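**Q** For reference, this is protein-v8.cif, and it has mmCIF, C-alpha atoms and all ligand atoms.
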```cif
data_upload
#
loop_
_atom_site.label_atom_id
_atom_site.label_comp_id
_atom_site.auth_asym_id
_atom_site.auth_seq_id
_atom_site.Cartn_x
_atom_site.Cartn_y
_atom_site.Cartn_z
CA MET T 25 105.11 108.98 98.41
CA ILE T 26 106.52 105.72 99.77
CA GLU T 27 108.70 106.15 102.89
CA ILE T 28 110.12 103.06 104.59
CA ARG T 29 112.07 103.61 107.81
CA ASP T 30 114.00 101.06 109.84
CA VAL T 31 111.76 98.11 109.07
CA THR T 32 112.46 94.79 110.76
CA LYS T 33 110.94 91.42 109.93
CA THR T 34 111.27 88.08 111.69
CA PHE T 35 109.42 84.96 110.57
CA ARG T 36 108.28 82.68 113.35
CA LEU T 37 107.95 79.03 112.30
CA HIS T 38 105.13 77.69 114.44
CA ASN T 39 105.47 74.19 113.02
CA GLN T 40 109.15 74.12 114.05
CA GLY T 41 108.94 74.89 117.75
CA GLY T 42 108.38 78.61 117.15
CA ALA T 43 111.87 79.10 115.70
CA ALA T 44 112.49 82.78 114.89
CA ILE T 45 114.12 83.60 111.52
CA PRO T 46 115.18 87.25 111.28
CA VAL T 47 115.11 88.19 107.58
CA MET T 48 115.26 91.99 107.59
CA GLU T 49 116.75 94.71 109.72
CA GLY T 50 116.88 98.48 109.25
CA ALA T 51 115.21 98.50 105.84
CA THR T 52 114.98 102.14 104.78
CA LEU T 53 114.08 103.63 101.42
CA SER T 54 111.92 106.31 99.91
CA VAL T 55 110.31 106.64 96.52
CA ALA T 56 109.21 110.03 95.20
CA PRO T 57 106.27 110.63 92.86
CA GLY T 58 107.32 109.82 89.30
CA GLU T 59 110.18 107.61 90.42
CA CYS T 60 110.67 103.87 89.91
CA VAL T 61 112.94 102.01 92.33
CA ALA T 62 114.04 98.42 91.70
CA LEU T 63 114.56 95.98 94.57
CA THR T 64 117.58 93.82 93.81
CA GLY T 65 119.61 91.19 95.67
CA ALA T 66 120.18 87.46 95.45
CA SER T 67 117.38 84.92 95.73
CA GLY T 68 116.23 84.84 99.34
CA ALA T 69 117.55 88.34 100.11
CA GLY T 70 114.05 89.56 100.95
CA LYS T 71 112.71 91.38 97.87
CA SER T 72 109.28 89.71 97.96
CA THR T 73 109.10 90.00 101.74
CA LEU T 74 109.65 93.76 101.54
CA MET T 75 107.03 94.12 98.78
CA ARG T 76 104.54 92.10 100.83
CA MET T 77 105.18 94.31 103.85
CA ILE T 78 104.56 97.45 101.77
CA TYR T 79 101.28 95.94 100.53
CA GLY T 80 100.33 94.96 104.07
CA ASN T 81 100.28 91.19 103.49
CA TYR T 82 103.15 90.66 105.94
CA LEU T 83 103.29 92.61 109.18
CA ALA T 84 106.55 94.42 109.94
CA ALA T 85 107.92 93.73 113.43
CA SER T 86 109.02 97.35 113.80
CA GLY T 87 109.63 100.49 111.77
CA SER T 88 107.27 102.48 109.58
CA ILE T 89 106.01 102.03 106.02
CA ARG T 90 104.26 105.18 104.90
CA VAL T 91 102.35 105.09 101.64
CA GLY T 92 100.75 108.50 101.17
CA GLU T 93 99.11 109.30 104.50
CA THR T 94 98.96 105.70 105.76
CA ASP T 95 101.52 103.84 107.86
CA VAL T 96 100.97 100.29 106.64
CA ALA T 97 103.04 98.92 109.54
CA THR T 98 100.46 100.08 112.09
CA ALA T 99 97.27 100.62 110.05
CA GLU T 100 93.99 98.85 110.77
CA PRO T 101 92.98 96.23 108.19
CA ARG T 102 90.13 98.42 106.88
CA ASP T 103 92.56 101.29 106.30
CA ILE T 104 94.83 98.95 104.35
CA LEU T 105 91.88 97.86 102.18
CA GLU T 106 91.04 101.52 101.53
CA LEU T 107 94.68 102.24 100.66
CA ARG T 108 94.65 99.35 98.17
CA ARG T 109 91.43 100.57 96.59
CA THR T 110 92.53 104.13 95.98
CA VAL T 111 96.28 104.69 96.48
CA LEU T 112 98.40 101.55 96.23
CA GLY T 113 98.20 99.23 93.22
CA TYR T 114 99.90 95.85 93.04
CA VAL T 115 100.65 93.92 89.89
CA SER T 116 101.52 90.45 91.14
CA GLN T 117 103.06 87.77 88.95
CA PHE T 118 99.86 85.78 88.75
CA LEU T 119 96.26 86.68 88.12
CA ARG T 120 93.87 85.81 90.94
CA VAL T 121 90.23 86.30 90.03
CA VAL T 122 86.78 85.19 91.01
CA PRO T 123 85.83 82.30 88.65
CA ARG T 124 83.34 82.98 85.83
CA VAL T 125 83.80 86.78 85.86
CA PRO T 126 84.42 87.98 82.27
CA THR T 127 87.80 89.51 81.42
CA LEU T 128 86.35 92.95 80.64
CA ASP T 129 84.71 93.07 84.10
CA VAL T 130 87.97 91.93 85.75
CA VAL T 131 89.78 94.93 84.22
CA MET T 132 86.91 97.39 84.85
CA GLU T 133 86.50 96.43 88.50
CA PRO T 134 89.24 98.66 90.05
CA LEU T 135 87.80 101.62 88.12
CA LEU T 136 84.22 101.01 89.22
CA ALA T 137 85.50 100.56 92.78
CA THR T 138 86.93 104.08 92.70
CA GLY T 139 83.75 105.67 91.36
CA ARG T 140 84.46 105.77 87.61
CA GLY T 141 81.27 105.63 85.49
CA THR T 142 80.56 102.40 83.63
CA ASP T 143 81.14 103.85 80.15
CA ALA T 144 84.45 105.47 81.07
CA ALA T 145 85.58 102.30 82.87
CA ARG T 146 84.68 100.15 79.86
CA GLU T 147 86.49 102.47 77.48
CA ARG T 148 89.66 102.40 79.60
CA ALA T 149 89.50 98.61 80.00
CA GLU T 150 89.00 98.11 76.26
CA THR T 151 91.93 100.39 75.47
CA LEU T 152 94.23 98.45 77.81
CA LEU T 153 93.11 95.02 76.60
CA THR T 154 93.66 96.17 73.00
CA ARG T 155 97.11 97.58 73.77
CA LEU T 156 98.03 94.30 75.49
CA ASN T 157 96.84 92.24 72.50
CA ILE T 158 94.06 90.32 74.26
CA PRO T 159 91.74 89.42 71.35
CA ARG T 160 88.25 90.94 71.58
CA THR T 161 86.79 87.43 71.27
CA LEU T 162 88.19 86.66 74.75
CA TRP T 163 86.84 89.75 76.54
CA GLY T 164 83.53 88.12 77.44
CA LEU T 165 85.20 84.98 78.82
CA SER T 166 86.66 84.34 82.25
CA PRO T 167 90.47 84.54 82.14
CA THR T 168 90.80 81.42 84.31
CA THR T 169 91.22 79.25 81.19
CA PHE T 170 93.60 81.65 79.40
CA SER T 171 97.26 80.86 78.71
CA GLY T 172 99.85 81.96 81.26
CA GLY T 173 100.92 84.92 79.12
CA GLU T 174 97.31 85.99 78.46
CA GLN T 175 96.53 85.84 82.18
CA GLN T 176 99.57 87.95 82.96
CA ARG T 177 98.48 90.56 80.40
CA VAL T 178 94.94 90.67 81.85
CA ASN T 179 96.55 91.10 85.26
CA ILE T 180 98.62 94.01 83.95
CA ALA T 181 95.59 95.63 82.29
CA ARG T 182 93.73 95.39 85.61
CA GLY T 183 96.72 96.69 87.59
CA PHE T 184 97.21 99.73 85.34
CA ALA T 185 93.50 100.56 84.88
CA HIS T 186 93.20 102.93 87.85
CA PRO T 187 95.85 105.70 88.04
CA PHE T 188 97.24 104.64 91.43
CA PRO T 189 99.64 107.21 92.97
CA ALA T 190 101.80 104.31 94.22
CA MET T 191 102.39 100.94 92.56
CA LEU T 192 104.17 97.68 93.33
CA LEU T 193 105.27 95.58 90.35
CA ASP T 194 106.39 91.98 90.79
CA GLU T 195 108.18 90.80 87.63
CA PRO T 196 105.79 92.62 85.28
CA THR T 197 107.60 91.55 82.10
CA ALA T 198 108.27 87.90 82.99
CA SER T 199 107.07 85.47 80.30
CA LEU T 200 105.96 88.16 77.86
CA ASP T 201 106.97 88.26 74.20
CA ALA T 202 108.92 91.25 72.86
CA ILE T 203 105.88 93.21 71.66
CA ASN T 204 103.90 92.88 74.89
CA ARG T 205 107.00 93.49 76.97
CA GLU T 206 107.42 96.79 75.11
CA THR T 207 103.80 97.71 75.86
CA VAL T 208 104.26 96.99 79.56
CA LEU T 209 107.44 99.08 79.71
CA THR T 210 105.55 101.92 78.02
CA LEU T 211 102.71 101.58 80.57
CA ILE T 212 105.29 101.87 83.36
CA GLU T 213 106.81 104.95 81.72
CA GLU T 214 103.35 106.50 81.38
CA ALA T 215 102.59 105.79 85.05
CA LYS T 216 105.84 107.51 86.04
CA ALA T 217 105.05 110.46 83.78
CA ARG T 218 101.70 111.00 85.55
CA GLY T 219 103.53 110.92 88.91
CA ALA T 220 103.20 107.36 90.20
CA ALA T 221 105.81 106.22 92.74
CA ILE T 222 106.78 102.66 91.79
CA VAL T 223 108.66 99.85 93.54
CA GLY T 224 109.43 96.84 91.39
CA ILE T 225 111.20 93.50 91.21
CA PHE T 226 112.63 92.94 87.72
CA HIS T 227 114.77 89.96 86.87
CA ASP T 228 114.79 91.35 83.32
CA ALA T 229 117.89 93.56 83.69
CA ASP T 230 117.32 95.49 80.45
CA ALA T 231 113.75 96.32 81.51
CA ARG T 232 115.01 97.37 84.93
CA ASP T 233 117.70 99.63 83.47
CA ARG T 234 115.19 101.25 81.15
CA VAL T 235 112.37 102.11 83.58
CA CYS T 236 114.03 102.28 87.02
CA ASP T 237 115.73 105.40 88.30
CA ARG T 238 117.52 103.63 91.17
CA GLN T 239 118.21 100.17 92.54
CA ILE T 240 118.13 99.18 96.19
CA ASP T 241 119.97 95.99 97.07
CA VAL T 242 117.90 94.50 99.90
CA SER T 243 120.83 92.28 100.98
CA ALA T 244 122.02 95.44 102.76
CA PHE T 245 119.10 94.84 105.15
CA THR T 246 119.84 91.14 105.79
CA PRO T 247 120.55 90.68 109.51
CA ALA T 248 123.98 89.36 110.43
CA ARG T 249 123.37 85.70 111.19
CA ALA T 250 124.86 84.14 114.30
CA ALA T 251 127.58 81.67 113.33
N1 LIG T 301 106.14 83.06 104.92
C1 LIG T 301 107.43 82.81 105.25
N2 LIG T 301 107.75 82.04 106.33
C2 LIG T 301 109.03 81.82 106.66
N3 LIG T 301 110.09 82.30 105.97
C3 LIG T 301 109.83 83.07 104.90
C4 LIG T 301 108.50 83.36 104.47
N4 LIG T 301 108.57 84.15 103.37
C5 LIG T 301 109.88 84.33 103.12
N5 LIG T 301 110.64 83.70 104.04
C6 LIG T 301 112.11 83.69 104.10
O1 LIG T 301 112.55 85.04 104.03
C7 LIG T 301 113.74 85.13 103.22
C8 LIG T 301 113.49 86.14 102.10
O2 LIG T 301 112.59 85.55 101.14
P1 LIG T 301 112.00 86.36 99.90
O3 LIG T 301 111.01 85.50 99.21
O4 LIG T 301 111.56 87.70 100.37
O5 LIG T 301 113.31 86.54 99.00
P2 LIG T 301 113.45 87.11 97.51
O6 LIG T 301 114.62 88.05 97.55
O7 LIG T 301 112.17 87.66 97.04
O8 LIG T 301 113.84 85.80 96.70
P3 LIG T 301 113.53 85.34 95.18
O9 LIG T 301 114.34 86.24 94.29
O10 LIG T 301 114.02 83.93 95.16
O11 LIG T 301 112.05 85.46 94.97
C9 LIG T 301 114.06 83.72 102.75
O12 LIG T 301 115.05 83.21 103.59
C10 LIG T 301 112.74 82.99 102.91
O13 LIG T 301 112.96 81.63 103.19
#
```
Can you dump the structure from the file as structure tokens?
**A**
Amino acid sequence: MIEIRDVTKTFRLHNQGGAAIPVMEGATLSVAPGECVALTGASGAGKSTLMRMIYGNYLAASGSIRVGETDVATAEPRDILELRRTVLGYVSQFLRVVPRVPTLDVVMEPLLATGRGTDAARERAETLLTRLNIPRTLWGLSPTTFSGGEQQRVNIARGFAHPFPAMLLDEPTASLDAINRETVLTLIEEAKARGAAIVGIFHDADARDRVCDRQIDVSAFTPARAA
């Protein structure tokens, strides 16, 4: 479902005379439907960079990044937007929403965007918000004023609302209490059971060991630096 072949990335620092910083070389991995693969490696190894390239936020210098039928490394921006709407979900660490949009609408939005009827979308959103312990009294309010943990749970509810065939998870259990962490791990297990291919970054080693089938140490793709 996710096939990454020989991906290279170099950052060019335009404010520092165009200095080129090679950060990745020969990155190759594949994730089958129903499988969860953890990206590991020391801080700065390139975990976030690889996730951002899969999502199409960073452009790969070379190589291919196939998600379903799309090669993100060469796709047109509109094809990447379509991929994100229907195929590739991304649960980032932080919630980014349009101000003043109520929480329930924030969670329903990915479902409405993929053609789900309003009643079915509301039912799914309510189920997720309930499972993630967001009190009903908050559903009509914008999440912008919520606590960090509440925002993260709204973000997770939104990210898991549509049954994406491929998902990227960036520290999905960070800053959650034990009960909500358990719910998120169960959501990940359910996504795998319905066939989602998942790539994740988990600093929570117990969570990683429980839900991930394999680990890929991205330091293996760090270019040898000139001395
Ligand atoms: N936008 C950018 N411009 C320049 N360099 C960048 C940029 N993003 C990342 N880098 C560099 O790429 C390397 C990999 O960073 P990345 O954030 O992917 O690491 P990471 O493994 O996710 O680290 P952490 O665990 O600390 O989040 C680092 O050397 C970083 O400085």
**Q** Check every protein, DNA and RNA residue against ligand LIG 301 (chain T), keep those with an atom at most 6 Å away (counting all atoms listed in the file), and present them as a list in words.
**A**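 Within the 6 Å cut-off, the matching residues are Phe35, Val47, Ala66, Ser67, Gly68, Ala69, Gly70, Lys71, Ser72 and Thr73 of chain T.
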**Q** What does the distance between atom CA of Lys216 of chain T and atom CA of Glu59 of chain T come to in Å, to one decimal place?
**A**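 Interatomic distance here is 6.2 Å.
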**Q** Give me the residues within 6 Å of Asp241 of chain T as a list in words, counting all atoms listed in the file and dropping any in the same chain fewer than 5 places off.
**A**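 Surrounding residues, per the criterion: Leu63, Thr64 and Gly65 of chain T.
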**Q** Write the residues of the selection above to a file with C-alpha atoms, as a PDB file, keeping the file's coordinate frame.
**A**
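Output file result-v4.pdb is given in full below:
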```pdb
ATOM      1  CA  LEU T  63     114.560  95.980  94.570  1.00  0.00           C
ATOM      2  CA  THR T  64     117.580  93.820  93.810  1.00  0.00           C
ATOM      3  CA  GLY T  65     119.610  91.190  95.670  1.00  0.00           C
TER       4      GLY T  65
END
```
**Q** Nearest to Met25 of chain T: which of T:Leu119, T:Val96, T:Ala190, T:Cys60 is it, counting all atoms listed in the file?
**A**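 Using all atoms listed in the file, Met25 of chain T sits closest to T:Ala190.
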**Q** Please report the interatomic distance between atom CA of Thr32 of chain T and atom CA of Ala84 of chain T in Å with one decimal.
**A**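 Going from atom CA of Thr32 of chain T over to atom CA of Ala84 of chain T covers 6.0 Å.
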**Q** Check the smallest atom-to-atom distance from each of T:Ser86, T:Thr127, T:Gln176, T:Thr151 to Glu195 of chain T using all atoms listed in the file, then report the winner.
**A**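 Looking at the shortest contact to Glu195 of chain T, the residue is T:Gln176.
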**Q** Which polymer residues have any atom within 12 Å of an atom of segment 139-141 of chain T, counting only C-alpha atoms, with same-chain residues fewer than 6 positions away left out, as an mmCIF file with C-alpha atoms, keeping the file's coordinate frame?
**A**
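Once written, selection29.cif looks like this:
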```cif
data_model
loop_
_atom_site.group_PDB
_atom_site.id
_atom_site.type_symbol
_atom_site.label_atom_id
_atom_site.label_comp_id
_atom_site.auth_asym_id
_atom_site.auth_seq_id
_atom_site.Cartn_x
_atom_site.Cartn_y
_atom_site.Cartn_z
ATOM 1 C CA ARG T 109 91.430 100.570 96.590
ATOM 2 C CA THR T 110 92.530 104.130 95.980
ATOM 3 C CA MET T 132 86.910 97.390 84.850
ATOM 4 C CA GLU T 133 86.500 96.430 88.500
ATOM 5 C CA GLU T 147 86.490 102.470 77.480
ATOM 6 C CA ARG T 148 89.660 102.400 79.600
ATOM 7 C CA ALA T 149 89.500 98.610 80.000
ATOM 8 C CA ALA T 185 93.500 100.560 84.880
ATOM 9 C CA HIS T 186 93.200 102.930 87.850
ATOM 10 C CA PRO T 187 95.850 105.700 88.040
#
```
**Q** Could you give me, as a PyMOL selection string, the residues within 12 Å of Arg205 of chain T, counting all atoms listed in the file and dropping anything in the same chain fewer than 5 positions from it?
**A** chain T and resi 155-157+173+176-177+180+195-200+210-212+228+230-232
**Q** For a quick check of understanding, using only C-alpha atoms, which of T:Glu106, T:Gly58, T:Gln239, T:His38 has the smallest distance to Glu214 of chain T?
**A**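 Ranked by minimum distance to Glu214 of chain T, first place goes to T:Gly58.
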**Q** Pick the closest to Asp237 of chain T from T:Ala56, T:Val121, T:Ile28, T:Val208: which is it, counting all atoms listed in the file?
**A**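 Ranked by minimum distance to Asp237 of chain T, first place goes to T:Ala56.
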**Q** Name the residues, using the chain letters and numbers of the file, that sit within 12 Å of (97.9, 104.3, 106.4) when counting all atoms listed in the file, and give them as a PyMOL selection string.
**A** chain T and resi 25-27+78-80+88-108+110-112
**Q** To one decimal place, how far is atom CA of Ser166 of chain T from atom CA of His227 of chain T in Å?
**A**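 These atoms are spaced 29.0 Å apart.
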**Q** Using all atoms listed in the file, can you tell me which of T:Asn204, T:Glu150, T:Pro126, T:Val61 comes closest to Asp233 of chain T?
**A**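 Comparing T:Asn204, T:Glu150, T:Pro126, T:Val61 against Asp233 of chain T, the winner is T:Val61.
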